[in-house]
Each structure stands twice: as C-alpha cells, then as structure tokens.
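Written out below as structure tokens is the structure these notes cover.
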Amino acid sequence: MTEILQQVKKLRKQQGRQSFIFVCMALGIFLLLGTLALSTQKEWDLSRGSRHSLTQTSVDLLQKVQEEGVHSIKFTAFMSKNPMLKEPLRDLVGQYQKHSKDITLEFIDPSIRPELVRELGITRDGEVILNIKNAAGNEQSELLRELSETSISNAILRLSRDTERFVLFLEGHAERNPFGLGNHDIQQFAKELDAKGFVIERFDLSQQASIPTNTRFIVIASPQLNYLPSEVEQLTQYLVNGGNLLWLSDPDGLKGLESLLTTLGIQSPKGTVIDQGTQELGIQGADASFSLISNYNQHPALRNFKYVSLFPQARTFELMQQDSVWKQTPFLLTAERTWLETEELKTSVSFNPEADKLGPLNIGYSLTREMEENESQQRIILIGDGDFLSNRFLNNGANLPLGLNLFDWLSGEEAFVNITFAETPDTSLNISERNLAWIGLFFLFILPGLCFIIAIRIWIKRRNA
C-alpha cells in the first residue's frame, strides 16, 4: 500500500512538472508571437473589396507625388474630444501613413482655437485642412468636408501640382456646354475635371482678340454651327504657335473647320461607323451606330488601359497623302466587324461593298510635334465623337477614365495619367419586412426549439442507458 502511495505521489509530481513546463512553453510561445506582432508591419485585409486598405490607385499616387518632389503632407483635423469622429479619421490617414513617412495628422479642438477656426473658414466639427508643400516649394491647402479615400486622394492630386491647369471650351457655335444639364452637355465630366484640379472656362473666339497664354489646351466640343473664317484663322494660328487641342467632331459635319483639319494633314470621309457587335452584346439602349473600342494602339495616355469604351455615332479619320510636320498616330481603332456607312442611317443597315468601307477604322488620332523654341511637345487629339463624354453616355464602359487620361496627357502631366479612384463597394444590406420576420422567427423560436428537442433526446438516451 505504501509503495502504491509513493508511486501515486511520484506520478503527481511528474504531472506537476509537466504541467509547469507546458504552461511555461505556452507563455513563451504567446510572448514570442506578441513580440513578432509588434515588430512586424505585415497586414492582410480580408474584407470585401479590401475596403479597409488603400486602393492601388492611391498607393501609386503617393509614389508619384513623392517622385515629383512633394515631401510634406499634413492633415489638421478640427474635432472635439469625440472618439466617434477621431478614430475613423485616424484609421483612414493611417492607411496613407503606411505608404509615406512624410504624412502627419494633428487634432485641434475648435473650442480652444476659435480665432483659427474663423480664419480658416471651419463651419462644423469634423472638418479637415489638408496642407501640402509641392515640388516648387509652395505650400497649398484645401478644406476637406468629405472624408473618404476618393476625396483625400483627389485633394492630394490637386495640391501637388505646381500651377493651375486652365482649359478653354469654345462657345458661340452651339458646342457642348461644360456647365449644362442637358443630355448632350458635359457637366458631369466637367465636375470630374474640377475634382482633378482643372480650371474650366468658356471662351468665344469672336469676342476675344487673343487666346490667353496660360491656357493648357482648347476644347472644340461638337459644334452645331459653322465657325467664321476669322475664327478658323485664329485657331490655325494658335496651332502654328504650338497650342494643344482636343477636337470632338460628330458625323454631322466639320462646321467650317475643314481647312483646320487639312492643316493637321488629316481628312475625314463622310459617314457613320456601324458596329453590329454592340447589339449582339446586349448593351441597353445601344444600336448598330454605337462603336465599342478596346484597341488604343499603346497610346502614351492609355498604355495600361485595358477597358472597353463606348462611342455613339462616330466618324472616322484618315491620313492625307502628303508629308506632315506632325507625328500622326491612330489610337481609337474599331473591330474588324465594323464598317463606315456612307448612306443615311435607317432602322436597319447592311454593308454595301461598293460604297461602304470595311473596318477596322480609326475614330481617333493623336498628333504630336516637337517645339524647339521652348523645348516642349505640342499635342493634339482628334476624336470623331463627342457623345462619349456627354451627361448621357459618360458612365458607359470606360468613357470617364478614358476622358480623364486624355485630359492629363494633353495638359502635359504624364505622371498623373491613369490616376482614377474607385468608390468603396456598397456594404449596405437591404432586407424586406417579410424576410426580416422570417429571420426573427428562426432565431427566436425555430433554432431554440431545435436545441431544446436535441437536449431532451440526449437526456432520454442517457437516462435509458
């Protein structure tokens, strides 16, 4: 008996030592894991759409502005001592700080600094001042009332530029209005341009003696009335002097600008591009005169652009048989299934090999010329359609990013081409009252009832065992 008790005590001591060693090892493992967690900056965002991390677009933007010489980005948040306001902003700015050590965040209580609040125009709790020192050493700031990745990244993009980018939209000939609400106007696109730092102004050639020298480029947006000879001469001189141009021309004619097109060494045959594949893909509201473009011929503004854009009722361009001072490159190429319909569009169309021209066709041309006087490159874009940027069709396909990339390229800032910002995916859950009642019934009655039945069966089974 004594020997058995001694063996039991020995076993208990052994088990105690093993338990002690196990606890020490477990604590050591947890301590090691904690140390690794504190010293390692690796993170994984497993949320839908990675909505708790910066998009690759914003990461690329931070890298580009740093390469351009921006070395100071400061957020000054005017917030009271309310963690419900501070924590979301701290998390959002923290996502930017992971990719740049030059980003700082400061909180100021508006009740403590009322004079600063009045000076900066702060109107409510939670507003933020973004301050950036750009490549030229100039400090610029902007008041942010909306706090999201899109608004912050766009603000960084705007403030990082050395100068404002003035773009003139010609008027006086029923062109598309950048401030108009009509389906044919381009107000929505103009708002996107404003968010990227462009300054949009309308300009009437007949009322102005000269084009302002600070103009980045001029936009001719689908005129409906003919230009006067004096206006055409003024535009021609603008191009001769090295001005940049975006010309959107619909199939209804060149409106007195034929000589301007000849100056560029380009011609445009009459007709409308037909793309039967548009209807086959089932695009709502589209007909055979809507062209789908996915071939951008490696244009500098669209090298990484792998999306499909939609052009309703486009015209084509061709090179003239003569030498030109311009480097002329087609960059909007239709599919082989397309053709140029030379007759008036009807309900149904068919290819006529004697009169129509089979695709692929060029509905966009890019022209460049090296200017030795100021060591710059003159840039011109011709597109045989203006509807793709209109309020009605802007959100079809990749029309919006296509337009933004072309504007960046024409303004001479390739560093910011392909910088567009995706919205956070919709995370709302909409449940009807009927489905909500079924969910409540399941969790309040059905699930507890099943658990109760299972418990009764287990109790009966053990009782009879």
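We name chains A, B, ... following the order of the structure tokens; residues begin at 1 in each chain, and ligands are numbered from 1 as shown.
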Excluding region 155-158 of chain A and its own-chain neighbours fewer than 6 positions away, which residues fall within 8 Å of it when counting only C-alpha atoms? Please give them as a PDB file with N, CA and C atoms, in the first residue's frame.
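The resulting around28.pdb:
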```
ATOM      1  N   LEU A  61      -0.462  56.949 -56.502  1.00  0.00           N
ATOM      2  CA  LEU A  61      -0.475  58.414 -56.427  1.00  0.00           C
ATOM      3  C   LEU A  61       0.555  58.917 -55.430  1.00  0.00           C
ATOM      4  N   VAL A  65       3.641  61.432 -56.459  1.00  0.00           N
ATOM      5  CA  VAL A  65       3.825  62.797 -55.940  1.00  0.00           C
ATOM      6  C   VAL A  65       5.150  62.905 -55.193  1.00  0.00           C
ATOM      7  N   LEU A 130      -6.136  70.111 -45.349  1.00  0.00           N
ATOM      8  CA  LEU A 130      -5.025  69.356 -45.933  1.00  0.00           C
ATOM      9  C   LEU A 130      -4.000  70.349 -46.477  1.00  0.00           C
ATOM     10  N   ILE A 132      -0.139  70.840 -48.235  1.00  0.00           N
ATOM     11  CA  ILE A 132       0.899  70.141 -48.996  1.00  0.00           C
ATOM     12  C   ILE A 132       1.954  71.145 -49.445  1.00  0.00           C
ATOM     13  N   GLU A 142      -6.245  72.959 -48.608  1.00  0.00           N
ATOM     14  CA  GLU A 142      -7.629  72.809 -49.040  1.00  0.00           C
ATOM     15  C   GLU A 142      -8.457  72.302 -47.868  1.00  0.00           C
ATOM     16  N   ALA A 195     -12.570  68.179 -59.936  1.00  0.00           N
ATOM     17  CA  ALA A 195     -12.045  67.395 -58.807  1.00  0.00           C
ATOM     18  C   ALA A 195     -10.578  67.030 -59.009  1.00  0.00           C
ATOM     19  N   LYS A 196     -10.101  67.026 -60.244  1.00  0.00           N
ATOM     20  CA  LYS A 196      -8.704  66.709 -60.529  1.00  0.00           C
ATOM     21  C   LYS A 196      -7.840  67.955 -60.691  1.00  0.00           C
ATOM     22  N   GLY A 197      -8.412  69.133 -60.436  1.00  0.00           N
ATOM     23  CA  GLY A 197      -7.611  70.345 -60.434  1.00  0.00           C
ATOM     24  C   GLY A 197      -7.633  71.149 -61.717  1.00  0.00           C
TER      25      GLY A 197
END
```
Could the residues of region 129-203 of chain A that have an atom at most 9 Å from region 213-226 of chain A be listed as JSON lines, each with its closest atom pair and the distance in Å to one decimal, counting only C-alpha atoms and ordered by chain and ascending residue number?
```
{"residue": "A:Arg165", "atom": "CA", "partner": "A:Arg216", "partner_atom": "CA", "distance": 6.1}
{"residue": "A:Phe166", "atom": "CA", "partner": "A:Thr215", "partner_atom": "CA", "distance": 5.1}
{"residue": "A:Val167", "atom": "CA", "partner": "A:Phe217", "partner_atom": "CA", "distance": 5.5}
{"residue": "A:Leu168", "atom": "CA", "partner": "A:Ile218", "partner_atom": "CA", "distance": 4.9}
{"residue": "A:Phe169", "atom": "CA", "partner": "A:Val219", "partner_atom": "CA", "distance": 4.8}
{"residue": "A:Leu170", "atom": "CA", "partner": "A:Ile220", "partner_atom": "CA", "distance": 5.7}
{"residue": "A:Glu171", "atom": "CA", "partner": "A:Pro223", "partner_atom": "CA", "distance": 8.2}
{"residue": "A:Gly172", "atom": "CA", "partner": "A:Leu225", "partner_atom": "CA", "distance": 8.3}
{"residue": "A:His173", "atom": "CA", "partner": "A:Leu225", "partner_atom": "CA", "distance": 4.7}
{"residue": "A:Ala174", "atom": "CA", "partner": "A:Gln224", "partner_atom": "CA", "distance": 5.3}
{"residue": "A:Glu175", "atom": "CA", "partner": "A:Pro223", "partner_atom": "CA", "distance": 4.2}
{"residue": "A:Arg176", "atom": "CA", "partner": "A:Ala221", "partner_atom": "CA", "distance": 5.4}
{"residue": "A:Asn177", "atom": "CA", "partner": "A:Ala221", "partner_atom": "CA", "distance": 8.2}
```
- For Ser53 (chain A), which residue among A:Leu389, A:Leu92, A:Leu406, A:Ala437 is the nearest when counting only C-alpha atoms?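 Of all the options, A:Leu92 lies closest to Ser53 (chain A).
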- Query: Would you give me, as a VMD selection string, the residues in region 134-336 of chain A that DSSP reads as strand (DSSP E)?
  - Reply: chain A and resid 139 to 144 165 to 170 198 to 203 215 to 221 244 to 248 266 to 267 272 to 274 290 to 293 309 to 312 318 to 319 327 to 333
- Task: Any chance you could list, as a ChimeraX atom specification, the residues in region 117-310 of chain A that come up alpha helix (DSSP H) when DSSP is run on the backbone?
- Result: /A:117-120,149-159,187-195,229-240,258-263,277-280
Could you take the residues named above and write them with C-alpha atoms, as an mmCIF file, in the first residue's frame?
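Heads up, here's the output in again_36.cif:
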```cif
data_model
loop_
_atom_site.group_PDB
_atom_site.id
_atom_site.type_symbol
_atom_site.label_atom_id
_atom_site.label_comp_id
_atom_site.auth_asym_id
_atom_site.auth_seq_id
_atom_site.Cartn_x
_atom_site.Cartn_y
_atom_site.Cartn_z
ATOM 1 C CA VAL A 117 -11.440 78.305 -36.823
ATOM 2 C CA ARG A 118 -12.779 81.654 -38.073
ATOM 3 C CA GLU A 119 -9.617 82.364 -40.068
ATOM 4 C CA LEU A 120 -9.697 79.023 -41.909
ATOM 5 C CA GLU A 149 -10.189 57.917 -49.804
ATOM 6 C CA THR A 150 -11.523 59.417 -53.035
ATOM 7 C CA SER A 151 -11.804 62.962 -51.668
ATOM 8 C CA ILE A 152 -8.424 62.836 -49.909
ATOM 9 C CA SER A 153 -6.517 61.348 -52.865
ATOM 10 C CA ASN A 154 -8.067 63.808 -55.295
ATOM 11 C CA ALA A 155 -7.128 66.667 -52.967
ATOM 12 C CA ILE A 156 -3.526 65.410 -52.790
ATOM 13 C CA LEU A 157 -3.510 65.214 -56.580
ATOM 14 C CA ARG A 158 -4.804 68.789 -56.946
ATOM 15 C CA LEU A 159 -2.485 70.351 -54.376
ATOM 16 C CA GLN A 187 -21.410 68.957 -66.924
ATOM 17 C CA GLN A 188 -20.749 65.629 -65.161
ATOM 18 C CA PHE A 189 -17.390 65.288 -66.877
ATOM 19 C CA ALA A 190 -16.525 68.916 -66.043
ATOM 20 C CA LYS A 191 -17.174 68.157 -62.359
ATOM 21 C CA GLU A 192 -14.707 65.265 -62.558
ATOM 22 C CA LEU A 193 -12.169 67.589 -64.160
ATOM 23 C CA ASP A 194 -12.687 70.135 -61.382
ATOM 24 C CA ALA A 195 -12.045 67.395 -58.807
ATOM 25 C CA PRO A 229 -13.330 82.453 -91.338
ATOM 26 C CA SER A 230 -11.704 84.836 -88.842
ATOM 27 C CA GLU A 231 -12.215 82.300 -86.059
ATOM 28 C CA VAL A 232 -10.731 79.497 -88.154
ATOM 29 C CA GLU A 233 -7.720 81.708 -88.861
ATOM 30 C CA GLN A 234 -7.319 82.401 -85.151
ATOM 31 C CA LEU A 235 -7.434 78.668 -84.365
ATOM 32 C CA THR A 236 -4.962 77.900 -87.128
ATOM 33 C CA GLN A 237 -2.534 80.487 -85.763
ATOM 34 C CA TYR A 238 -2.962 79.009 -82.301
ATOM 35 C CA LEU A 239 -1.883 75.596 -83.636
ATOM 36 C CA VAL A 240 1.016 77.069 -85.638
ATOM 37 C CA GLU A 258 -12.228 71.709 -92.946
ATOM 38 C CA SER A 259 -9.131 73.863 -93.510
ATOM 39 C CA LEU A 260 -8.057 73.350 -89.898
ATOM 40 C CA LEU A 261 -8.205 69.586 -90.422
ATOM 41 C CA THR A 262 -6.172 69.961 -93.601
ATOM 42 C CA THR A 263 -3.539 71.890 -91.646
ATOM 43 C CA GLY A 277 -21.367 43.618 -82.276
ATOM 44 C CA THR A 278 -22.813 46.265 -79.968
ATOM 45 C CA GLN A 279 -26.331 44.835 -80.266
ATOM 46 C CA GLU A 280 -25.038 41.270 -80.005
#
```
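Near Tyr96 (chain A), within a cut-off of 12 Å and counting only C-alpha atoms, sit the residues His52, Ser53, Leu54, Thr55, Gln56, Thr57, Ser58, Val59, Asp60, Leu61, Leu62, Gln63, Ile73, Lys74, Phe75, Leu89, Arg90, Asp91, Lys101, Asp102, Ile103, Thr104, Leu105, Ser148, Glu149, Ile152, Ser153 and Ile156 of chain A, with same-chain residues fewer than 5 positions away left out.
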- Using CA of Phe331 (chain A) and CA of Val273 (chain A) as the two end points, give the distance in Å to one decimal.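 We find that CA of Phe331 (chain A) and CA of Val273 (chain A) lie 15.7 Å from each other.
Between Leu245 (chain A) and the candidates A:Asn183, A:Ser291, A:Thr342, A:Gln378, the tightest atom-to-atom separation, counting only C-alpha atoms, involves A:Gln378.
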